[in-house]
Amino acid sequence: MDQQQKPASGGFKKFIIAFILLVIVGLGATGIFYYLRFFGPNVTGEQEYLYIKTGSDFNAVYNTIKEQHIVKDTFAFAATAQSMDYPARVKPGKYRLTDGMGNRAFINMLKAGNQEPVKLTIRGLRLKTQFAAFVSKQMEPDSMALISLLDSAKYVEKFGLNTDNIYVMFLPNTYEFYWNTSADKFIEKMYTYYTEFWTPERKAKAEALNLTPAQVSILASIVDWEALHDDEMPTIAGLYLNRLRAGRKLEADPTVIFATGDFTIKRVLNRHLLTNSPYNTYLHTGLPPGPVMMPSINAIKAVLDPQKNDFIYMCAKEDFSGYHNFAVTETEHLKNARRFQQALNERNIKR
């Protein structure tokens with residue numbers, strides 16, 4: 001009897017061993033499956049960034065990821081996202097993608113809202129509309145959202161400015177913003193930078209010139225347009241301040257060009273001087289109502305620390321070096337102007 005039972009006992013042991021091995025293999029396969037699902041490489045690297053718009057839900061994010069082929073296995077991404085409760089924690093933003101990133105790391109980044117800030121370098125933009133268009137290309141708010149606020153008298157009033165001079169608030173520099181910053185929050189943050197720039201010392205210098213900070217920036221915009229070379233800015237600033245103190249019209253060509261809206265003009269003619277606009281300083285005494293461009297920091301500093309001179313007139317040098325001939329008397333100025341006009345004629349510059 002005992003001899004007959006041994007084969008059965010041996011067979012059972014083999015079955016048990018085989019079953020255990022099968023379980024181990026199954027567990028190993030399951031472990032590998034879940035490891036690959038959670039930690040294995042899935043992000044393709046075909047896109048540098050994933051942009052999630054404000055108000056997006058998980059379906060919108062999933063569709064973007066699928067349409068832009070951001071991951072290799074969208075099913076694995078969706079399953080992992082569900083298991084990590086990501087659909088309830090979608091955050092808008094601009095997220096940098098790393099080739100080979102696993103689902104778990106990818107989703108943890110999205111859940112935490114660990115987006116990459118936008119470095120916004122602003123300089124020399126002439127118009128509010130250009131500025132709004134520039135910002136909208138790098139951030140979520142569209143240009144119309146920005147312009148509608150900047151053109152709202154009620155909105156800009158809280159900054160102590162108006163719709164004509166609100167543009168002075170934006171100073172050339174490099175700033176960091178999150179991509180999904182709203183238009184309102186963006187403007188408020190720029191106002192913070194503006195107030196930080198206008199230190200008590202700078203405000204005191206403006207007051208000594210009998211100008212407000214906004215007026216300093218408006219004059220600086222004219223100086224900046226006139227000066228091709230920064231080292232000439234204090235001289236030009238001094239000249240225009242002399243005109244303001246004397247109650248004379250500024251007669252600044254940049255204001256005329258701005259008034260016409262034709263920024264291709266190279267030679268200001270008599271017909272341009274008749275342009276009916278509050279920005280035309282050949283027709284109106286004092287500063288224009290707003291800046292004619294975004295002034296550089298150097299131009300603002302030049303107005304705050306102008307050269308002390310007696311100049312009343314200026315005219316571009318006939319050598320086209322970008323520098324100017326300055327004059328105290330009209331007679332001297334007319335000589336300078338004739339030389340420049342002759343140089344324009346020789347180069348056939350008619351407009």
# chains A, B, ... in the order shown; residues from 1 in each chain; ligands from 1
$ select_by_dssp --residues "segment 99-331 of chain A" --states "strand (DSSP E or B)" --output "PyMOL selection string"
chain A and resi 102+118-122+173-177+313-316+324-327
$ write_last_selection --atoms "C-alpha atoms" --output "PDB file, in the first residue's frame"
ATOM      1  CA  GLY A 102       7.184  57.868 -16.528  1.00  0.00           C
ATOM      2  CA  VAL A 118       7.556  82.180 -18.532  1.00  0.00           C
ATOM      3  CA  LYS A 119      10.490  84.584 -18.846  1.00  0.00           C
ATOM      4  CA  LEU A 120       8.970  87.683 -20.383  1.00  0.00           C
ATOM      5  CA  THR A 121      11.522  90.142 -21.787  1.00  0.00           C
ATOM      6  CA  ILE A 122       9.842  93.467 -22.556  1.00  0.00           C
ATOM      7  CA  ASN A 173      12.992  94.378 -18.224  1.00  0.00           C
ATOM      8  CA  THR A 174      12.814  90.593 -17.925  1.00  0.00           C
ATOM      9  CA  TYR A 175      10.005  89.303 -15.720  1.00  0.00           C
ATOM     10  CA  GLU A 176       8.806  85.875 -14.617  1.00  0.00           C
ATOM     11  CA  PHE A 177       5.137  84.909 -14.764  1.00  0.00           C
ATOM     12  CA  TYR A 313      16.755 123.611 -30.552  1.00  0.00           C
ATOM     13  CA  MET A 314      18.083 120.358 -31.962  1.00  0.00           C
ATOM     14  CA  CYS A 315      18.466 118.859 -35.409  1.00  0.00           C
ATOM     15  CA  ALA A 316      19.888 115.556 -36.599  1.00  0.00           C
ATOM     16  CA  HIS A 324      22.318 115.862 -33.091  1.00  0.00           C
ATOM     17  CA  ASN A 325      23.426 119.449 -33.492  1.00  0.00           C
ATOM     18  CA  PHE A 326      22.118 121.548 -30.599  1.00  0.00           C
ATOM     19  CA  ALA A 327      21.491 125.276 -30.623  1.00  0.00           C
TER      20      ALA A 327
END
$ select_by_dssp --residues "segment 87-262 of chain A" --states "helix (DSSP H, G or I)" --output "number ranges by chain"
A: 87-88, 103-112, 128-138, 143-150, 153-159, 166-169, 183-197, 200-208, 213-226, 230-246, 253-260
$ residues_around --residues "Leu250 of chain A" --least-positions-apart "2" --cutoff "7 Å" --atoms "only C-alpha atoms" --output "PyMOL selection string"
chain A and resi 240+243+248+252+281-282+285-286
$ write_last_selection --atoms "N, CA, C and O atoms" --output "PDB file, in the first residue's frame"
ATOM      1  N   TYR A 240      14.503 119.580 -23.723  1.00  0.00           N
ATOM      2  CA  TYR A 240      13.043 119.562 -23.642  1.00  0.00           C
ATOM      3  C   TYR A 240      12.543 120.137 -22.312  1.00  0.00           C
ATOM      4  O   TYR A 240      11.484 120.782 -22.263  1.00  0.00           O
ATOM      5  N   ARG A 243      12.430 123.812 -22.667  1.00  0.00           N
ATOM      6  CA  ARG A 243      11.240 124.236 -23.401  1.00  0.00           C
ATOM      7  C   ARG A 243      10.004 124.227 -22.488  1.00  0.00           C
ATOM      8  O   ARG A 243       9.179 125.148 -22.534  1.00  0.00           O
ATOM      9  N   ARG A 248       7.247 126.873 -23.843  1.00  0.00           N
ATOM     10  CA  ARG A 248       7.268 126.755 -25.300  1.00  0.00           C
ATOM     11  C   ARG A 248       6.772 125.376 -25.716  1.00  0.00           C
ATOM     12  O   ARG A 248       6.836 124.412 -24.952  1.00  0.00           O
ATOM     13  N   ALA A 252       8.377 118.299 -30.958  1.00  0.00           N
ATOM     14  CA  ALA A 252       9.141 117.061 -31.073  1.00  0.00           C
ATOM     15  C   ALA A 252       8.608 116.225 -32.233  1.00  0.00           C
ATOM     16  O   ALA A 252       7.425 115.843 -32.240  1.00  0.00           O
ATOM     17  N   THR A 281       2.897 117.858 -30.678  1.00  0.00           N
ATOM     18  CA  THR A 281       3.454 118.934 -29.841  1.00  0.00           C
ATOM     19  C   THR A 281       3.880 120.148 -30.659  1.00  0.00           C
ATOM     20  O   THR A 281       4.434 121.104 -30.103  1.00  0.00           O
ATOM     21  N   TYR A 282       3.639 120.123 -31.968  1.00  0.00           N
ATOM     22  CA  TYR A 282       3.796 121.336 -32.762  1.00  0.00           C
ATOM     23  C   TYR A 282       2.538 122.191 -32.669  1.00  0.00           C
ATOM     24  O   TYR A 282       2.572 123.393 -32.922  1.00  0.00           O
ATOM     25  N   THR A 285       0.870 122.923 -26.551  1.00  0.00           N
ATOM     26  CA  THR A 285       1.926 123.178 -25.566  1.00  0.00           C
ATOM     27  C   THR A 285       1.903 122.093 -24.492  1.00  0.00           C
ATOM     28  O   THR A 285       0.859 121.570 -24.136  1.00  0.00           O
ATOM     29  N   GLY A 286       3.072 121.794 -23.968  1.00  0.00           N
ATOM     30  CA  GLY A 286       3.170 120.814 -22.893  1.00  0.00           C
ATOM     31  C   GLY A 286       3.375 119.405 -23.410  1.00  0.00           C
ATOM     32  O   GLY A 286       3.579 119.173 -24.610  1.00  0.00           O
TER      33      GLY A 286
END
$ residues_around --residues "Ile265 of chain A" --least-positions-apart "5" --cutoff "12 Å" --atoms "only C-alpha atoms" --output "MDAnalysis selection string"
chainID A and resid 253:260 272 349:351
$ atom_distance --atom1 "atom CA of Gln115 of chain A" --atom2 "atom CA of His69 of chain A"
19.5 Å
$ atom_distance --atom1 "atom CA of Ala112 of chain A" --atom2 "atom CA of Tyr62 of chain A"
17.1 Å
$ atom_distance --atom1 "atom CA of Ala79 of chain A" --atom2 "atom CA of Met109 of chain A"
16.5 Å
